[in-house]
Amino acid sequence: MNQRVVVAGLRALLPTTVALFVVAIVAHAAQANRPPHLVAALLCGVYLLWILVEARITVRHPAQESAENNTLLPYALTRAGVGVSAALWPLRWDRLSVWMAVPIALFIGAVTLRLVAIRTLGRFYSHHVVRYSDHSIVTTGPYRLVRHPAYTGMLLANAGFVAFFVNPLSAVLLVALCAVVIWRIGVEERVLLDVPGYGAYSRGRARLLPGVW
């Protein structure tokens, strides 16, 4: 798939996703007399802030030609679909509960992990699969534990978000997102294996979760 087409698709998807989250926030805030909806509005607001924080990375052209472009739009579409379908679905909570804290804590903690991973990777981080001419292996921060902590954080954050707004559609889309991420990791690692030292680095670390995969 042409890189310009992919970037244009991402630039169209971003404002659409932002607009739908604004709709969700307004819809929940309109029922602020019911405390669970106020919590839902705040959680959607945090998700929207997360989208905006990554927006510059999402829509920019990579500094070098992408190694592949076929996985990026499916990744972006399923990721947006998970968040939007969860946020817009009728809320299941009818009263405040201590159990709300579990998915909220997972969501906040996982978003933090993702942002730390992105910051640690620095200029080598891109939503595109890129092999930089001066690419080097980063082994600090969360990269000491797993090879793809940004994906780990993204998946766990969406799992926490879906668990709060639990509904069948967002659960199905979360499974689809996991499948797309596994596909992307396979593609990325075929590119990264050309980076000196990545083979040795990868043999000592799981891809997403230590002791799992």
# chains A, B, ... in the order shown; residues from 1 in each chain; ligands from 1

call {"tool": "select_by_dssp", "arguments": {"residues": "stretch 30-203 of chain A", "states": "strand (DSSP E or B)", "output": "list in words"}}
result
Ser66, Ala67, Glu68, Val129, Val130 and Val146 of chain A

call {"tool": "closest_atom_pairs", "arguments": {"of": "stretch 13-101 of chain A", "to": "stretch 124-127 of chain A", "cutoff": "9 Å", "atoms": "only C-alpha atoms", "output": "tab-separated table"}}
result
residue	atom	partner	partner_atom	distance
A:Ile57	CA	A:Ser126	CA	6.5
A:Thr58	CA	A:His127	CA	6.2
A:Val59	CA	A:His127	CA	8.8
A:Arg60	CA	A:Ser126	CA	8.9
A:Pro62	CA	A:Ser126	CA	7.0
A:Leu72	CA	A:His127	CA	7.4

call {"tool": "residues_around", "arguments": {"residues": "stretch 134-146 of chain A", "least_positions_apart": "5", "cutoff": "6 Å", "atoms": "only C-alpha atoms", "output": "CSV table (one decimal) with C-alpha atoms, in the first residue's frame"}}
result
chain,number,residue,atom,x,y,z
A,205,ARG,CA,13.3,-11.1,26.1
A,206,ALA,CA,9.7,-11.8,25.5
A,207,ARG,CA,7.8,-9.8,22.9
A,208,LEU,CA,5.0,-8.5,25.0

call {"tool": "closest_residue", "arguments": {"among": "A:Gly204, A:Pro35, A:Pro74, A:Gly160", "to": "A:Tyr47", "atoms": "only C-alpha atoms"}}
result
A:Gly160

call {"tool": "select_by_dssp", "arguments": {"residues": "stretch 34-204 of chain A", "states": "helix (DSSP H, G or I)", "output": "JSON, numbers by chain"}}
result
{"A": [35, 36, 37, 38, 39, 40, 41, 42, 43, 44, 45, 46, 47, 48, 49, 50, 51, 52, 53, 54, 55, 56, 57, 58, 59, 72, 73, 74, 75, 76, 77, 78, 79, 80, 81, 82, 83, 84, 85, 86, 87, 88, 98, 99, 100, 101, 102, 103, 104, 105, 106, 107, 108, 109, 110, 111, 112, 113, 114, 115, 116, 117, 118, 119, 120, 121, 122, 123, 124, 141, 142, 143, 144, 149, 150, 151, 152, 153, 154, 155, 156, 157, 158, 159, 160, 161, 162, 163, 164, 168, 169, 170, 171, 172, 173, 174, 175, 176, 177, 178, 179, 180, 181, 182, 183, 184, 185, 186, 187, 188, 189, 190, 191, 192, 198, 199, 200, 201, 202, 203]}

call {"tool": "residues_around", "arguments": {"residues": "A:Phe107", "least_positions_apart": "3", "cutoff": "6 Å", "atoms": "only C-alpha atoms", "output": "list in words"}}
result
Ile104, Ala110, Ala157, Gly160 and Phe161 of chain A

call {"tool": "atom_distance", "arguments": {"atom1": "atom CA of A:Ala101", "atom2": "atom CA of A:Phe164"}}
result
9.1 Å

call {"tool": "residues_around", "arguments": {"residues": "A:Leu177", "least_positions_apart": "6", "cutoff": "10 Å", "atoms": "only C-alpha atoms", "output": "list in words"}}
result
Pro74, Tyr75, Ala76, Leu77, Thr78, Arg79, Ala80, Gly81, Val82, Leu155, Asn158, Ala171 and Trp183 of chain A

call {"tool": "write_last_selection", "arguments": {"atoms": "all heavy atoms", "output": "short mmCIF file (atom, residue, chain, number, x, y, z; two decimals), in the first residue's frame"}}
result
data_model
loop_
_atom_site.label_atom_id
_atom_site.label_comp_id
_atom_site.auth_asym_id
_atom_site.auth_seq_id
_atom_site.Cartn_x
_atom_site.Cartn_y
_atom_site.Cartn_z
N PRO A 74 -5.02 -1.28 9.13
CA PRO A 74 -5.79 -2.22 9.97
C PRO A 74 -5.52 -2.01 11.46
O PRO A 74 -6.45 -2.10 12.28
CB PRO A 74 -5.29 -3.59 9.50
CG PRO A 74 -4.86 -3.37 8.10
CD PRO A 74 -4.27 -1.99 8.08
N TYR A 75 -4.27 -1.72 11.80
CA TYR A 75 -3.93 -1.44 13.20
C TYR A 75 -4.66 -0.21 13.71
O TYR A 75 -5.29 -0.21 14.78
CB TYR A 75 -2.42 -1.28 13.31
CG TYR A 75 -1.92 -0.72 14.63
CD1 TYR A 75 -2.09 -1.44 15.81
CD2 TYR A 75 -1.27 0.50 14.69
CE1 TYR A 75 -1.63 -0.93 17.02
CE2 TYR A 75 -0.81 1.02 15.89
CZ TYR A 75 -0.99 0.30 17.05
OH TYR A 75 -0.53 0.80 18.24
N ALA A 76 -4.61 0.87 12.93
CA ALA A 76 -5.24 2.12 13.35
C ALA A 76 -6.76 1.97 13.44
O ALA A 76 -7.40 2.47 14.37
CB ALA A 76 -4.88 3.24 12.37
N LEU A 77 -7.35 1.28 12.47
CA LEU A 77 -8.80 1.12 12.44
C LEU A 77 -9.30 0.28 13.61
O LEU A 77 -10.31 0.62 14.25
CB LEU A 77 -9.23 0.49 11.12
CG LEU A 77 -9.17 1.42 9.90
CD1 LEU A 77 -9.30 0.62 8.61
CD2 LEU A 77 -10.27 2.48 9.98
N THR A 78 -8.62 -0.83 13.89
CA THR A 78 -9.07 -1.67 15.01
C THR A 78 -8.84 -0.99 16.34
O THR A 78 -9.67 -1.07 17.25
CB THR A 78 -8.38 -3.04 15.00
OG1 THR A 78 -6.95 -2.86 14.88
CG2 THR A 78 -8.86 -3.91 13.85
N ARG A 79 -7.73 -0.27 16.45
CA ARG A 79 -7.45 0.44 17.70
C ARG A 79 -8.50 1.52 17.95
O ARG A 79 -9.04 1.64 19.06
CB ARG A 79 -6.05 1.06 17.64
CG ARG A 79 -5.65 1.76 18.92
CD ARG A 79 -4.25 2.31 18.83
NE ARG A 79 -3.99 3.20 19.96
CZ ARG A 79 -2.89 3.92 20.11
NH1 ARG A 79 -1.94 3.87 19.20
NH2 ARG A 79 -2.73 4.70 21.17
N ALA A 80 -8.82 2.31 16.91
CA ALA A 80 -9.86 3.33 17.05
C ALA A 80 -11.21 2.69 17.32
O ALA A 80 -12.00 3.18 18.14
CB ALA A 80 -9.93 4.18 15.78
N GLY A 81 -11.48 1.58 16.65
CA GLY A 81 -12.76 0.90 16.83
C GLY A 81 -12.98 0.41 18.24
O GLY A 81 -14.10 0.49 18.78
N VAL A 82 -11.92 -0.10 18.86
CA VAL A 82 -12.03 -0.58 20.24
C VAL A 82 -12.45 0.57 21.16
O VAL A 82 -13.41 0.46 21.93
CB VAL A 82 -10.69 -1.18 20.73
CG1 VAL A 82 -10.72 -1.42 22.24
CG2 VAL A 82 -10.40 -2.49 20.02
N LEU A 155 -2.13 -2.40 24.39
CA LEU A 155 -3.10 -3.49 24.51
C LEU A 155 -3.70 -3.55 25.91
O LEU A 155 -4.92 -3.72 26.07
CB LEU A 155 -2.45 -4.83 24.15
CG LEU A 155 -2.12 -5.03 22.67
CD1 LEU A 155 -1.36 -6.34 22.48
CD2 LEU A 155 -3.39 -5.04 21.81
N ASN A 158 -6.16 -0.63 26.43
CA ASN A 158 -7.45 -0.88 25.79
C ASN A 158 -8.22 -1.99 26.48
O ASN A 158 -9.45 -1.93 26.55
CB ASN A 158 -7.24 -1.21 24.31
CG ASN A 158 -7.05 0.03 23.46
OD1 ASN A 158 -8.00 0.77 23.20
ND2 ASN A 158 -5.83 0.28 23.03
N ALA A 171 -15.30 -5.96 22.84
CA ALA A 171 -14.53 -7.16 23.18
C ALA A 171 -14.06 -7.87 21.91
O ALA A 171 -12.90 -8.31 21.82
CB ALA A 171 -15.39 -8.10 24.02
N TRP A 183 0.40 -9.66 14.11
CA TRP A 183 0.81 -9.56 12.71
C TRP A 183 1.89 -8.50 12.54
O TRP A 183 2.93 -8.73 11.92
CB TRP A 183 -0.42 -9.25 11.88
CG TRP A 183 -0.20 -8.98 10.42
CD1 TRP A 183 0.81 -9.46 9.62
CD2 TRP A 183 -1.02 -8.15 9.56
NE1 TRP A 183 0.67 -8.99 8.33
CE2 TRP A 183 -0.43 -8.19 8.26
CE3 TRP A 183 -2.18 -7.40 9.77
CZ2 TRP A 183 -0.99 -7.50 7.19
CZ3 TRP A 183 -2.73 -6.72 8.70
CH2 TRP A 183 -2.14 -6.76 7.43
#

call {"tool": "closest_residue", "arguments": {"among": "A:Val172, A:Leu14, A:Cys178, A:Val130", "to": "A:Val191", "atoms": "only C-alpha atoms"}}
result
A:Val130

call {"tool": "residues_around", "arguments": {"residues": "stretch 30-32 of chain A", "least_positions_apart": "4", "cutoff": "12 Å", "atoms": "only C-alpha atoms", "output": "JSON, numbers by chain"}}
result
{"A": [23, 24, 25, 26, 36, 37, 38, 39, 40, 41, 42, 90, 91, 94]}

call {"tool": "closest_residue", "arguments": {"among": "A:Met154, A:Val162, A:Leu49, A:Ala105", "to": "A:Ala117", "atoms": "only C-alpha atoms"}}
result
A:Met154

call {"tool": "closest_residue", "arguments": {"among": "A:Pro103, A:Pro149, A:Pro210, A:Pro196", "to": "A:Val166", "atoms": "only C-alpha atoms"}}
result
A:Pro103

call {"tool": "closest_residue", "arguments": {"among": "A:Val84, A:Leu113, A:Arg34, A:Val46", "to": "A:Phe21", "atoms": "only C-alpha atoms"}}
result
A:Val84

call {"tool": "residues_around", "arguments": {"residues": "A:Trp89", "least_positions_apart": "2", "cutoff": "8 Å", "atoms": "only C-alpha atoms", "output": "list of chain:residue names"}}
result
A:Ser85, A:Ala86, A:Ala87, A:Leu91, A:Phe165, A:Asn167

call {"tool": "closest_residue", "arguments": {"among": "A:Asn70, A:Thr152, A:Asn33, A:Thr17", "to": "A:Ala55", "atoms": "only C-alpha atoms"}}
result
A:Thr17
